[in-house]
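As provided, start_38.cif (mmCIF, C-alpha atoms) reads as follows.
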```
data_entry
loop_
_atom_site.label_atom_id
_atom_site.label_comp_id
_atom_site.auth_asym_id
_atom_site.auth_seq_id
_atom_site.Cartn_x
_atom_site.Cartn_y
_atom_site.Cartn_z
CA MET A 1 -66.80 9.63 -45.83
CA ASP A 2 -64.34 6.97 -44.69
CA LEU A 3 -63.11 8.01 -41.24
CA SER A 4 -61.06 4.87 -40.61
CA PRO A 5 -57.69 6.58 -41.29
CA ALA A 6 -58.19 8.53 -38.08
CA LEU A 7 -58.14 5.24 -36.17
CA ASP A 8 -54.75 4.32 -37.63
CA TRP A 9 -53.08 7.71 -37.21
CA SER A 10 -50.39 8.11 -34.58
CA PRO A 11 -48.87 11.35 -33.31
CA PRO A 12 -45.18 12.12 -33.88
CA PRO A 13 -42.81 10.14 -31.64
CA HIS A 14 -41.78 13.22 -29.64
CA TRP A 15 -45.35 13.84 -28.45
CA ARG A 16 -46.07 12.56 -24.94
CA ARG A 17 -48.84 9.96 -24.72
CA VAL A 18 -50.82 8.90 -21.66
CA THR A 19 -53.49 6.20 -21.76
CA VAL A 20 -56.35 6.35 -19.28
CA VAL A 21 -59.49 4.41 -18.40
CA ASP A 22 -62.33 6.61 -17.21
CA ALA A 23 -65.06 5.59 -14.79
CA HIS A 24 -67.52 7.17 -12.40
CA THR A 25 -68.71 6.28 -8.93
CA GLY A 26 -72.18 7.60 -8.23
CA GLY A 27 -71.63 10.28 -10.87
CA GLU A 28 -68.21 11.40 -9.67
CA PRO A 29 -65.48 10.93 -12.32
CA PHE A 30 -62.34 8.91 -11.78
CA ARG A 31 -59.56 8.78 -14.38
CA VAL A 32 -57.10 5.90 -13.97
CA VAL A 33 -53.73 6.27 -15.71
CA VAL A 34 -52.84 2.86 -17.19
CA GLU A 35 -49.84 3.84 -19.36
CA GLY A 36 -47.42 6.76 -19.53
CA LEU A 37 -46.91 7.44 -15.84
CA PRO A 38 -43.29 7.95 -14.73
CA GLU A 39 -41.83 6.04 -11.81
CA ILE A 40 -42.71 7.63 -8.47
CA PRO A 41 -40.06 6.85 -5.82
CA GLY A 42 -40.65 6.62 -2.10
CA GLU A 43 -40.68 3.96 0.60
CA ASP A 44 -44.02 5.17 1.99
CA MET A 45 -47.08 6.88 0.55
CA ALA A 46 -46.39 10.20 2.24
CA SER A 47 -43.04 10.48 0.47
CA ARG A 48 -44.55 9.40 -2.86
CA ARG A 49 -47.25 12.02 -2.51
CA ALA A 50 -44.63 14.65 -1.67
CA PHE A 51 -42.53 13.63 -4.69
CA ALA A 52 -45.55 13.90 -7.00
CA GLU A 53 -46.44 17.33 -5.59
CA GLU A 54 -42.91 18.60 -6.16
CA ASN A 55 -42.10 16.96 -9.49
CA LEU A 56 -45.27 15.85 -11.31
CA ASP A 57 -47.76 18.62 -10.73
CA ASP A 58 -47.57 19.64 -14.39
CA LEU A 59 -48.76 16.15 -15.41
CA ARG A 60 -51.58 16.32 -12.86
CA ARG A 61 -52.78 19.61 -14.32
CA ARG A 62 -52.64 18.28 -17.87
CA LEU A 63 -54.75 15.26 -16.94
CA MET A 64 -57.23 17.01 -14.63
CA TRP A 65 -57.69 20.47 -16.19
CA GLU A 66 -59.18 21.50 -19.50
CA PRO A 67 -58.93 20.74 -22.39
CA ARG A 68 -58.57 17.06 -21.37
CA GLY A 69 -60.43 17.35 -18.09
CA HIS A 70 -62.47 19.95 -16.24
CA ALA A 71 -62.71 21.76 -12.92
CA ASP A 72 -64.37 18.77 -11.23
CA MET A 73 -62.19 15.99 -12.65
CA TYR A 74 -60.66 13.41 -10.33
CA GLY A 75 -58.12 10.66 -10.93
CA GLY A 76 -55.80 7.99 -9.65
CA TRP A 77 -52.22 6.96 -10.33
CA VAL A 78 -51.57 3.28 -9.61
CA CYS A 79 -48.15 2.39 -8.16
CA PRO A 80 -46.53 -0.67 -6.57
CA PRO A 81 -47.45 -1.30 -2.93
CA VAL A 82 -45.36 0.04 -0.07
CA SER A 83 -46.34 -2.66 2.41
CA PRO A 84 -45.89 -6.42 1.86
CA GLU A 85 -49.53 -7.12 2.75
CA SER A 86 -50.89 -4.87 -0.02
CA ASP A 87 -51.63 -5.51 -3.69
CA LEU A 88 -50.99 -1.98 -4.97
CA SER A 89 -50.94 1.67 -4.00
CA VAL A 90 -52.66 4.75 -5.43
CA LEU A 91 -52.14 8.49 -5.46
CA PHE A 92 -55.32 10.51 -5.86
CA THR A 93 -55.40 13.63 -8.05
CA HIS A 94 -57.89 16.50 -8.32
CA ASN A 95 -58.07 20.08 -9.55
CA ALA A 96 -55.80 21.47 -6.82
CA GLY A 97 -53.32 18.71 -6.03
CA PHE A 98 -52.96 15.23 -4.56
CA SER A 99 -55.42 14.17 -1.87
CA THR A 100 -54.77 11.81 1.03
CA MET A 101 -57.67 9.38 0.61
CA CYS A 102 -60.69 9.04 -1.67
CA GLY A 103 -63.61 6.66 -1.14
CA HIS A 104 -65.24 7.02 -4.54
CA GLY A 105 -61.76 6.58 -6.02
CA ILE A 106 -61.23 3.26 -4.23
CA ILE A 107 -64.58 1.99 -5.54
CA ALA A 108 -63.86 3.10 -9.11
CA LEU A 109 -60.27 1.82 -9.03
CA VAL A 110 -61.37 -1.66 -7.98
CA LYS A 111 -64.01 -1.66 -10.73
CA VAL A 112 -61.46 -0.64 -13.38
CA LEU A 113 -58.68 -3.01 -12.33
CA VAL A 114 -60.91 -6.07 -11.91
CA ASP A 115 -63.21 -5.60 -14.90
CA THR A 116 -60.33 -4.91 -17.30
CA GLY A 117 -58.42 -7.98 -16.09
CA VAL A 118 -55.51 -6.19 -14.42
CA LEU A 119 -56.41 -8.04 -11.23
CA PRO A 120 -57.74 -11.61 -11.55
CA THR A 121 -61.18 -12.32 -10.13
CA GLY A 122 -60.42 -15.75 -8.70
CA GLU A 123 -63.06 -18.43 -8.25
CA GLY A 124 -65.36 -17.03 -5.58
CA PRO A 125 -68.12 -14.40 -5.57
CA THR A 126 -65.82 -11.76 -4.04
CA ARG A 127 -62.26 -10.51 -4.49
CA THR A 128 -60.34 -8.76 -1.69
CA ILE A 129 -57.81 -6.07 -2.63
CA ARG A 130 -55.52 -4.26 -0.19
CA ILE A 131 -54.56 -0.77 -1.28
CA ASP A 132 -51.96 1.59 0.19
CA THR A 133 -53.06 5.24 0.20
CA PRO A 134 -51.41 8.36 1.65
CA ALA A 135 -53.84 8.14 4.60
CA GLY A 136 -53.13 4.46 5.25
CA ARG A 137 -54.04 1.01 3.96
CA VAL A 138 -57.65 0.22 3.05
CA GLU A 139 -59.13 -3.18 2.32
CA ALA A 140 -61.64 -3.35 -0.52
CA THR A 141 -63.93 -6.23 -1.42
CA ALA A 142 -65.29 -6.51 -4.95
CA VAL A 143 -68.64 -8.28 -5.22
CA LEU A 144 -68.78 -10.16 -8.52
CA GLU A 145 -71.53 -11.34 -10.84
CA GLU A 146 -70.56 -13.14 -14.05
CA GLY A 147 -66.99 -11.95 -13.64
CA MET A 148 -67.90 -8.26 -13.37
CA VAL A 149 -67.82 -6.00 -10.30
CA VAL A 150 -71.34 -4.98 -9.25
CA TRP A 151 -70.55 -3.55 -5.82
CA VAL A 152 -67.48 -2.55 -3.84
CA ARG A 153 -67.22 -2.21 -0.09
CA PHE A 154 -64.08 -1.13 1.71
CA LEU A 155 -62.76 -0.82 5.24
CA ASN A 156 -61.47 2.73 5.50
CA VAL A 157 -58.78 4.16 7.74
CA PRO A 158 -59.90 4.91 11.33
CA SER A 159 -62.18 7.95 11.43
CA PHE A 160 -62.85 10.29 14.32
CA VAL A 161 -64.52 13.45 15.58
CA TYR A 162 -62.05 16.31 15.85
CA GLN A 163 -64.13 19.18 17.23
CA ARG A 164 -67.81 19.91 17.82
CA ARG A 165 -69.66 23.18 17.28
CA VAL A 166 -66.89 25.22 15.76
CA ILE A 167 -68.13 28.76 15.06
CA ALA A 168 -66.77 30.14 11.79
CA LYS A 169 -67.40 33.82 11.12
CA THR A 170 -68.33 34.43 7.48
CA GLY A 171 -69.37 37.53 5.59
CA GLY A 172 -72.14 35.87 3.63
CA PHE A 173 -73.74 33.67 6.31
CA GLY A 174 -72.74 35.20 9.62
CA ASP A 175 -71.65 32.77 12.32
CA VAL A 176 -71.68 29.25 10.85
CA VAL A 177 -71.73 26.36 13.33
CA CYS A 178 -70.05 23.19 12.13
CA ASP A 179 -68.57 19.91 13.33
CA ILE A 180 -65.12 18.82 12.17
CA ALA A 181 -64.45 15.13 11.61
CA TYR A 182 -61.86 12.98 9.85
CA GLY A 183 -62.50 10.10 7.46
CA GLY A 184 -59.19 9.96 5.59
CA ALA A 185 -59.31 13.75 5.27
CA PHE A 186 -60.76 16.47 7.49
CA TYR A 187 -64.22 17.90 6.75
CA ALA A 188 -66.38 20.62 8.26
CA PHE A 189 -70.04 19.52 8.38
CA VAL A 190 -72.65 22.25 7.95
CA ASP A 191 -76.44 21.89 8.10
CA THR A 192 -77.74 23.73 5.03
CA VAL A 193 -81.05 24.62 6.70
CA SER A 194 -79.15 26.48 9.45
CA ILE A 195 -77.59 28.87 6.93
CA GLY A 196 -80.46 29.06 4.44
CA LEU A 197 -78.83 27.16 1.56
CA ASP A 198 -80.54 24.87 -0.94
CA LEU A 199 -78.72 21.55 -1.04
CA MET A 200 -79.72 21.12 -4.68
CA ALA A 201 -78.20 24.43 -5.83
CA PRO A 202 -74.56 23.62 -6.65
CA ALA A 203 -73.91 27.09 -8.07
CA ALA A 204 -74.51 28.49 -4.58
CA LEU A 205 -72.80 25.66 -2.70
CA VAL A 206 -69.40 26.15 -4.34
CA PRO A 207 -68.82 29.76 -3.20
CA ALA A 208 -70.38 28.93 0.17
CA GLY A 209 -68.00 25.99 0.55
CA ARG A 210 -65.02 28.16 -0.28
CA GLU A 211 -66.07 30.80 2.25
CA VAL A 212 -66.81 28.36 5.07
CA LYS A 213 -63.60 26.41 4.44
CA ALA A 214 -61.51 29.58 4.70
CA ALA A 215 -63.34 30.68 7.85
CA VAL A 216 -63.00 27.30 9.59
CA SER A 217 -59.33 27.01 8.62
CA ALA A 218 -58.72 30.44 10.17
CA VAL A 219 -60.40 29.72 13.50
CA SER A 220 -59.79 25.99 14.00
CA PRO A 221 -57.30 24.43 11.58
CA PRO A 222 -57.45 20.66 12.22
CA ARG A 223 -54.40 18.80 13.46
CA HIS A 224 -54.12 15.06 13.01
CA PRO A 225 -52.95 13.52 16.32
CA GLU A 226 -50.31 11.35 14.64
CA ARG A 227 -49.38 12.86 11.25
CA ALA A 228 -48.63 16.43 10.30
CA ASP A 229 -49.06 15.74 6.57
CA LEU A 230 -52.76 14.98 7.13
CA SER A 231 -53.37 18.15 9.14
CA PHE A 232 -55.46 20.35 6.86
CA LEU A 233 -59.13 20.98 6.15
CA TYR A 234 -59.89 19.27 2.83
CA GLY A 235 -63.50 20.26 2.33
CA VAL A 236 -66.89 21.35 3.60
CA ILE A 237 -69.82 18.91 3.63
CA PHE A 238 -73.28 20.40 3.44
CA THR A 239 -75.95 18.12 4.90
CA GLY A 240 -79.71 17.93 4.68
CA PRO A 241 -82.69 15.57 4.64
CA PRO A 242 -82.80 12.76 2.05
CA ASP A 243 -85.17 12.61 -0.89
CA ARG A 244 -86.06 8.98 -0.06
CA SER A 245 -87.25 8.04 3.40
CA LYS A 246 -85.18 4.84 3.54
CA ASN A 247 -82.00 6.92 3.41
CA HIS A 248 -80.38 8.61 6.37
CA SER A 249 -79.43 11.96 4.82
CA LYS A 250 -78.08 13.78 1.81
CA GLN A 251 -74.66 15.41 1.70
CA VAL A 252 -72.73 17.46 -0.83
CA CYS A 253 -68.99 17.98 -0.47
CA VAL A 254 -67.14 21.04 -1.75
CA PHE A 255 -63.42 20.33 -1.64
CA ALA A 256 -60.00 21.25 -3.07
CA ASP A 257 -60.32 24.40 -5.22
CA GLY A 258 -64.12 24.65 -5.23
CA GLU A 259 -64.58 21.13 -6.62
CA ILE A 260 -68.03 19.65 -5.98
CA ASP A 261 -68.51 15.92 -5.45
CA ARG A 262 -71.30 14.22 -7.40
CA SER A 263 -71.09 11.14 -5.16
CA PRO A 264 -71.96 11.06 -1.44
CA THR A 265 -68.17 11.22 -0.72
CA GLY A 266 -66.74 8.01 0.74
CA THR A 267 -64.36 9.70 3.15
CA GLY A 268 -67.17 12.10 4.04
CA VAL A 269 -69.54 9.24 4.88
CA SER A 270 -66.73 7.76 7.01
CA ALA A 271 -66.44 11.06 8.90
CA LEU A 272 -70.24 11.18 9.24
CA LEU A 273 -70.23 7.70 10.79
CA ALA A 274 -67.70 8.93 13.36
CA LEU A 275 -69.96 11.87 14.21
CA LEU A 276 -73.08 9.70 14.51
CA HIS A 277 -71.38 7.00 16.57
CA ASP A 278 -69.87 9.63 18.88
CA ALA A 279 -73.34 11.12 19.39
CA GLY A 280 -74.84 7.70 20.12
CA THR A 281 -77.32 7.88 17.23
CA ILE A 282 -75.99 4.75 15.49
CA THR A 283 -74.66 1.52 16.94
CA LEU A 284 -72.00 -0.93 15.85
CA ASP A 285 -72.92 -2.65 12.52
CA GLU A 286 -75.96 -0.42 11.96
CA GLU A 287 -76.02 0.45 8.25
CA ILE A 288 -77.03 3.84 6.92
CA ARG A 289 -77.58 5.04 3.35
CA VAL A 290 -76.41 8.50 2.31
CA GLU A 291 -77.59 10.28 -0.85
CA SER A 292 -75.60 12.55 -3.16
CA LEU A 293 -76.44 15.63 -5.18
CA VAL A 294 -77.38 13.45 -8.18
CA GLY A 295 -79.28 10.81 -6.17
CA SER A 296 -76.58 8.13 -5.98
CA VAL A 297 -76.16 6.30 -2.67
CA PHE A 298 -73.29 5.02 -0.53
CA THR A 299 -73.85 2.67 2.37
CA GLY A 300 -71.90 3.00 5.58
CA ARG A 301 -71.53 1.20 8.88
CA VAL A 302 -69.18 1.15 11.86
CA VAL A 303 -67.54 -2.26 12.12
CA ASP A 304 -65.21 -1.59 15.05
CA THR A 305 -63.86 1.06 17.42
CA THR A 306 -60.25 2.03 18.05
CA LEU A 307 -58.01 4.96 18.99
CA VAL A 308 -56.10 7.45 16.87
CA GLY A 309 -53.61 8.95 19.27
CA SER A 310 -55.79 9.66 22.30
CA LEU A 311 -58.96 10.23 20.25
CA ALA A 312 -61.79 7.70 20.10
CA ALA A 313 -62.22 6.49 16.52
CA VAL A 314 -64.31 4.11 14.45
CA VAL A 315 -63.43 1.71 11.65
CA PRO A 316 -65.94 2.48 8.88
CA GLU A 317 -67.06 0.28 6.00
CA ILE A 318 -68.32 2.12 2.92
CA GLY A 319 -70.13 0.59 -0.05
CA GLY A 320 -71.00 1.77 -3.55
CA ASN A 321 -70.79 0.91 -7.22
CA ALA A 322 -68.94 2.31 -10.22
CA HIS A 323 -69.22 2.13 -14.00
CA LEU A 324 -66.65 2.30 -16.79
CA THR A 325 -67.12 5.13 -19.29
CA GLY A 326 -64.23 4.85 -21.74
CA ARG A 327 -60.57 4.41 -22.62
CA SER A 328 -58.51 7.17 -24.19
CA GLU A 329 -54.99 7.82 -25.39
CA LEU A 330 -54.27 11.44 -24.51
CA TRP A 331 -51.73 13.33 -26.58
CA PHE A 332 -49.58 16.29 -25.58
CA ASP A 333 -48.53 18.41 -28.55
CA PRO A 334 -45.40 20.37 -27.48
CA HIS A 335 -46.47 23.23 -29.77
CA ASP A 336 -49.88 23.55 -28.11
CA PRO A 337 -49.89 26.83 -26.10
CA LEU A 338 -52.59 25.42 -23.80
CA ALA A 339 -50.98 22.02 -23.28
CA GLY A 340 -50.32 22.85 -19.62
CA GLY A 341 -54.03 22.96 -18.90
CA PHE A 342 -56.54 25.48 -17.61
CA PHE A 343 -60.03 25.43 -16.15
CA LEU A 344 -63.02 27.74 -16.08
CA ARG A 345 -66.08 27.82 -13.87
#
```
Please re-express this file's structure in structure tokens.
Amino acid sequence: MDLSPALDWSPPPHWRRVTVVDAHTGGEPFRVVVEGLPEIPGEDMASRRAFAEENLDDLRRRLMWEPRGHADMYGGWVCPPVSPESDLSVLFTHNAGFSTMCGHGIIALVKVLVDTGVLPTGEGPTRTIRIDTPAGRVEATAVLEEGMVVWVRFLNVPSFVYQRRVIAKTGGFGDVVCDIAYGGAFYAFVDTVSIGLDLMAPAALVPAGREVKAAVSAVSPPRHPERADLSFLYGVIFTGPPDRSKNHSKQVCVFADGEIDRSPTGTGVSALLALLHDAGTITLDEEIRVESLVGSVFTGRVVDTTLVGSLAAVVPEIGGNAHLTGRSELWFDPHDPLAGGFFLR
């Protein structure tokens, strides 16, 4: 059978079309919209994020949810920069909305934009890219071999410890003790051994993450010292020992609406670095390696210290690699009763 006519077919002109390039960072998906995105106004990233939440949430659902995505899909919308020092800006999307910062997303975005030729590589072995995010500007460095990105490291926004030993009362696990830290978003860190969870059992981690997140938010909702729009608990990070002795630890993040991160979570590793530096267990420039649920690894180190409001903070550098998985033109049939999207667990 000759299937070539399917390659030449185009949908009717009144159908909406959106073209995306898909990638993954350490197993975690990242869908970059490269065509079909409307203009998103706003002089800063907070206002652009607010505009997208109020006006473009239907498009987010269509791109993240089934039948074009799934409950654990993640993505990025590339926009012009808001600061003169930056090359571009990005809004991050997931199953429940628009996040403030995403480490695996920065790594994947750099891979997509450089490898596809959107951003030129230049002549040297590295390419620096400055990216505006809703949490602030990050500086990424693409490490190149034969014109392709093989590694990305980025300086994240300042990260800090918010509160130690918060006791969250849960029905399933009793009193759960956790530390809250910020790495571009707020996370509650929970030792899985302390509550009897298996770090390699994602089916159990998702409901546990939902329960702990609700309990922590009820007893100690985090407040960013400088910005109200960043003042919410994004996820719960379950920690445990690594599979490989050269690595520091393993962590699994449950965030948004029960979404589970396949990567070690770049903003989560940033928050972990703040916790470790605050405890005196790592020093400046000491690199650690953190494993994910699927065995992928991010590196992390503290490159400097600073203040966020009156809180001591660190400047973290996170490293990882990403891979391209495909390019698609997504179609939206106006007669499709499920065009608005759905997802099932």
Taking into account only C-alpha atoms, which residue in the set A:Ser4, A:Ser249, A:Ser217, A:Thr299 is nearest to Gly235 in chain A?
A:Ser217
Residue members of the PyMOL selection byres ((chain A and resi 222-234) around 9) in the file shown, as an mmCIF file with C-alpha atoms, in the frame of the given file:
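Final output, part.cif:
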```cif
data_model
loop_
_atom_site.group_PDB
_atom_site.id
_atom_site.type_symbol
_atom_site.label_atom_id
_atom_site.label_comp_id
_atom_site.auth_asym_id
_atom_site.auth_seq_id
_atom_site.Cartn_x
_atom_site.Cartn_y
_atom_site.Cartn_z
ATOM 1 C CA ALA A 46 -46.390 10.200 2.240
ATOM 2 C CA SER A 99 -55.420 14.170 -1.870
ATOM 3 C CA THR A 100 -54.770 11.810 1.030
ATOM 4 C CA PRO A 134 -51.410 8.360 1.650
ATOM 5 C CA ALA A 135 -53.840 8.140 4.600
ATOM 6 C CA TYR A 162 -62.050 16.310 15.850
ATOM 7 C CA GLN A 163 -64.130 19.180 17.230
ATOM 8 C CA ILE A 180 -65.120 18.820 12.170
ATOM 9 C CA ALA A 181 -64.450 15.130 11.610
ATOM 10 C CA TYR A 182 -61.860 12.980 9.850
ATOM 11 C CA GLY A 184 -59.190 9.960 5.590
ATOM 12 C CA ALA A 185 -59.310 13.750 5.270
ATOM 13 C CA PHE A 186 -60.760 16.470 7.490
ATOM 14 C CA TYR A 187 -64.220 17.900 6.750
ATOM 15 C CA ALA A 188 -66.380 20.620 8.260
ATOM 16 C CA LYS A 213 -63.600 26.410 4.440
ATOM 17 C CA VAL A 216 -63.000 27.300 9.590
ATOM 18 C CA SER A 217 -59.330 27.010 8.620
ATOM 19 C CA SER A 220 -59.790 25.990 14.000
ATOM 20 C CA PRO A 221 -57.300 24.430 11.580
ATOM 21 C CA GLY A 235 -63.500 20.260 2.330
ATOM 22 C CA VAL A 236 -66.890 21.350 3.600
ATOM 23 C CA VAL A 254 -67.140 21.040 -1.750
ATOM 24 C CA PHE A 255 -63.420 20.330 -1.640
ATOM 25 C CA ALA A 256 -60.000 21.250 -3.070
ATOM 26 C CA VAL A 308 -56.100 7.450 16.870
ATOM 27 C CA GLY A 309 -53.610 8.950 19.270
ATOM 28 C CA SER A 310 -55.790 9.660 22.300
ATOM 29 C CA LEU A 311 -58.960 10.230 20.250
#
```
Going by the chain IDs and residue numbers used in this file, which residues fall under the PyMOL selection byres ((chain A and resi 98) around 9)? Write them as a PyMOL selection string.
chain A and resi 49-50+52-53+57+60+91-97+99-100
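Separating CA of Val314 in chain A from CA of Pro264 in chain A is a distance of 19.0 Å.
Shortest atom-to-atom contact with Ala218 in chain A among A:Ala279, A:Gly183, A:Ile167, A:Ser159: A:Ile167, counting only C-alpha atoms.
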